[in-house]
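One structure below.
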Amino acid sequence: MNEKYELLIADYLSGSLDAEGKDKVEKLIASGEIDFMEFRELEKMHEDLGAIPVPKPGKEMSSRFYAMLEEEKRDQKDSWTEFISKKVKILLAELTMPRLAYTVVLLVVGGFIGSQINGSKTEIEQLSQEMQTMKELMMVNMLEGASAADRLKAVNISTELPNADTEAIHALLFTLNNDPSVNVRVQTIEALKRWGENETVREGLVRSIAKQESPIVIIELADAMIELELKNGAQEFEELLRERELDYTVQQKLQSSIAALL
Amino acid sequence: MDSTSDKALMMKVKKGDLDKLGLLFERYNRPLFSFFYRMCKDQDTSEDLIQSVFERMLKYRESYTGSGTFTTWMFSIARNAHIDHYRKVKRSAIPVEIDEERLEAEEDESVIIEQKEQKKNVLEMALERLDEEKREIVILSRYEGLKYKEIADILNTTEGAIKVKMFRAMKDLKDLVNTLSEECSYE
């Protein structure tokens with residue numbers, strides 16, 4: 001009886017139905033077009049599948065992987081040095097007297113131009129510093145904007161800043177903890193990761209875990225913890241797992257992140 | 001979820017920053033182990049296959065384009081590694097009935113364990129007996145959290161076909177559970 005609705009039921013089982021879809025399933029059950037007993041059995045079995053355990057991989061697996069990676073890195077290094085030495089040999093073999101003279105002239109001219117430009121270097125530095133301050137001001141203002149698109153733009157501007165001052169970092173952390181849009185918060189994590197060396201950013205990211213409700217943001221934070229090697233994140237995730245009823249996929253992700261962090 | 005940072009990391013690996021593969025390994029060795037273990041029920045084979053997946057990622061890093069989700073690309077590699085492994089096993093004529101023996105043993109044990117535990121065992125056995133293609137879809141969807149569209153990309157088919165197979169897999173699983181429960185109650 002339920003074969004007619006196999007696509008709909010498959011979507012229901014995976015949790016990808018929206019409110020309208022769920023409503024449709026309920027109506028079909030109520031009208032008897034979907035056999036409720038069979039439907040319930042399938043739903044229960046899909047739930048029960050989550051209880052089948054799987055052992056953990058052995059520790060030697062990691063050692064094997066990292067040994068393989070080291071070997072590959074050595075090969076890569078060797079191939080680069082071989083490549084460069086070959087190129088140098090070819091270049092030297094081709095270097096005739098007129099070419100050598102031409103290279104020397106180019107070096108002298110280049111050096112002269114460089115020394116002329118050096119004088120105005122401080123002005124350029126000052127200008128670029130002013131540009132950065134302006135960008136930061138614009139970003140902080142836009143982060144307070146009403147539209148999510150503007151706030152996303154602001155977060156993107158922050159990624160153009162070569163280095164961030166305290167105000168920009170605080171504005172981004174405030175956005176991460178308070179912005180109503182999941183997209184904005186996810187982008188903010190990406191932006192903050194660029195300054196992963198900064199202690200305020202590191203602490204802010206860890207503290208933010210407990211403040212997040214969206215599974216997408218929590219998973220993004222889990223990835224950030226691993227990438228920035230923020231071991232304190234493991235404790236926060238353990239608390240989340242204890243205190244909240246999280247989706248199965250999120251639970252799995254957090255457990256694997258905790259294992260990676262410890 | 002496949003975050004953009006997975007892609008970014010793999011792009012860095014492609015450009016020669018091989019250490020970033022370590023981060024991807026830390027992130028995905030558990031989900032890959034879960035996939036392989038549920039497919040083959042063998043710890044050593046699962047660990048070997050994970051090694052093979054990351055070796056292939058290194059070998060084929062130049063061909064990584066960043067299109068689609070990273071997990072789709074990773075599980076496509078995982079699936080090929082699994083298929084290649086079983087081709088080799090068949091060619092070298094190693095009997096694959098080990099699973100059956102294990103099943104028998106579990107059936108005997110399940111008689112003496114609690115009802116709840118028995119139910120879980122029966123479901124596990126049913127999953128092992130499920131047709132391989134359907135089992136793969138159930139594992140990718142239920143345990144690895146992949147969307148039907150992503151599974152369709154990995155298996156080179158349509159999203160609709162995956163949904164139909166998932167529904168039928170669940171029905172077959174239900175029938176297998178009923179049959180196995182009856183077998184257990186007769187013993």
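Please note that chains go A, B, ... in the order of the structure tokens, that every chain numbers its residues from 1, and that ligands are numbered from 1 in the order shown.
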Based on only C-alpha atoms, which of the residues in chain A come within 6 Å of chain B? I want them as a tab-separated table (two decimals) with C-alpha atoms, in the first residue's frame.
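What ended up in iface_35.tsv:
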```tsv
chain	number	residue	atom	x	y	z
A	6	GLU	CA	7.94	5.60	-1.26
A	7	LEU	CA	9.66	8.89	-2.16
A	10	ALA	CA	12.03	8.04	2.32
A	260	ALA	CA	40.44	14.42	17.79
```
Just the residues within 9 Å of Leu192 (chain A), please, counting only C-alpha atoms, with nothing from its chain fewer than 3 positions along; format it as a PyMOL selection string.
-> chain A and resi 158-159+169+172-173+187-189+195-196+201-202+205
Go ahead and save the residues from that selection, with N, CA and C atoms, as a PDB file, in the first residue's frame.
```pdb
ATOM      1  N   SER A 158      35.860  41.916   6.594  1.00  0.00           N
ATOM      2  CA  SER A 158      36.841  41.627   7.649  1.00  0.00           C
ATOM      3  C   SER A 158      37.931  40.689   7.137  1.00  0.00           C
ATOM      4  N   THR A 159      37.579  39.832   6.164  1.00  0.00           N
ATOM      5  CA  THR A 159      38.600  38.889   5.664  1.00  0.00           C
ATOM      6  C   THR A 159      39.644  39.592   4.800  1.00  0.00           C
ATOM      7  N   ILE A 169      37.691  42.507  16.287  1.00  0.00           N
ATOM      8  CA  ILE A 169      37.531  41.147  16.824  1.00  0.00           C
ATOM      9  C   ILE A 169      36.304  41.068  17.732  1.00  0.00           C
ATOM     10  N   LEU A 172      33.137  41.032  15.695  1.00  0.00           N
ATOM     11  CA  LEU A 172      32.892  39.732  15.064  1.00  0.00           C
ATOM     12  C   LEU A 172      32.412  38.695  16.090  1.00  0.00           C
ATOM     13  N   LEU A 173      33.038  38.717  17.278  1.00  0.00           N
ATOM     14  CA  LEU A 173      32.605  37.758  18.308  1.00  0.00           C
ATOM     15  C   LEU A 173      31.184  38.045  18.766  1.00  0.00           C
ATOM     16  N   GLN A 187      29.756  32.277   8.501  1.00  0.00           N
ATOM     17  CA  GLN A 187      30.797  33.079   7.832  1.00  0.00           C
ATOM     18  C   GLN A 187      31.709  33.763   8.845  1.00  0.00           C
ATOM     19  N   THR A 188      31.096  34.160   9.978  1.00  0.00           N
ATOM     20  CA  THR A 188      31.891  34.824  11.018  1.00  0.00           C
ATOM     21  C   THR A 188      32.951  33.876  11.578  1.00  0.00           C
ATOM     22  N   ILE A 189      32.559  32.609  11.736  1.00  0.00           N
ATOM     23  CA  ILE A 189      33.551  31.630  12.243  1.00  0.00           C
ATOM     24  C   ILE A 189      34.706  31.547  11.241  1.00  0.00           C
ATOM     25  N   TRP A 195      42.343  34.740  12.213  1.00  0.00           N
ATOM     26  CA  TRP A 195      43.141  35.282  13.316  1.00  0.00           C
ATOM     27  C   TRP A 195      43.223  34.273  14.455  1.00  0.00           C
ATOM     28  N   GLY A 196      43.330  33.015  14.065  1.00  0.00           N
ATOM     29  CA  GLY A 196      43.336  31.914  15.045  1.00  0.00           C
ATOM     30  C   GLY A 196      44.482  31.969  16.037  1.00  0.00           C
ATOM     31  N   VAL A 201      40.440  35.755  20.141  1.00  0.00           N
ATOM     32  CA  VAL A 201      39.659  34.985  19.167  1.00  0.00           C
ATOM     33  C   VAL A 201      39.524  33.547  19.649  1.00  0.00           C
ATOM     34  N   ARG A 202      40.621  32.978  20.123  1.00  0.00           N
ATOM     35  CA  ARG A 202      40.607  31.581  20.563  1.00  0.00           C
ATOM     36  C   ARG A 202      39.631  31.391  21.732  1.00  0.00           C
ATOM     37  N   LEU A 205      35.937  31.887  20.581  1.00  0.00           N
ATOM     38  CA  LEU A 205      35.375  30.759  19.831  1.00  0.00           C
ATOM     39  C   LEU A 205      34.943  29.635  20.785  1.00  0.00           C
TER      40      LEU A 205
END
```
Name the residues in contact with Asn141 (chain A) at a cut-off of 10 Å, using only C-alpha atoms, excluding same-chain residues fewer than 4 positions from it; report them as a ChimeraX atom specification.
-> /A:135-137,145,150-151,154,171
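Atom pair CA of Glu203 (chain A) / CA of Gln235 (chain A): separated by 13.1 Å.
For the atom pair formed by CA of Arg56 (chain B) and CA of Ala78 (chain B), the distance is 9.2 Å, given to one decimal.
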State, in Å with one decimal place, the distance from CA of Gly58 (chain A) to CA of Ser256 (chain A).
-> 13.9 Å
Please, which residues of region 1-185 of chain B, numbered as in this document, come out alpha helix (DSSP H) from DSSP, as a PyMOL selection string?
-> chain B and resi 4-14+20-40+43-59+70-91+98-112+115-129+132-138+148-154+159-185
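Of the residues under consideration (B:Arg129, B:Arg61, B:Lys12, B:His85), B:Arg129 shows the shortest atom-to-atom contact distance to Leu176 (chain B) when counting only C-alpha atoms.
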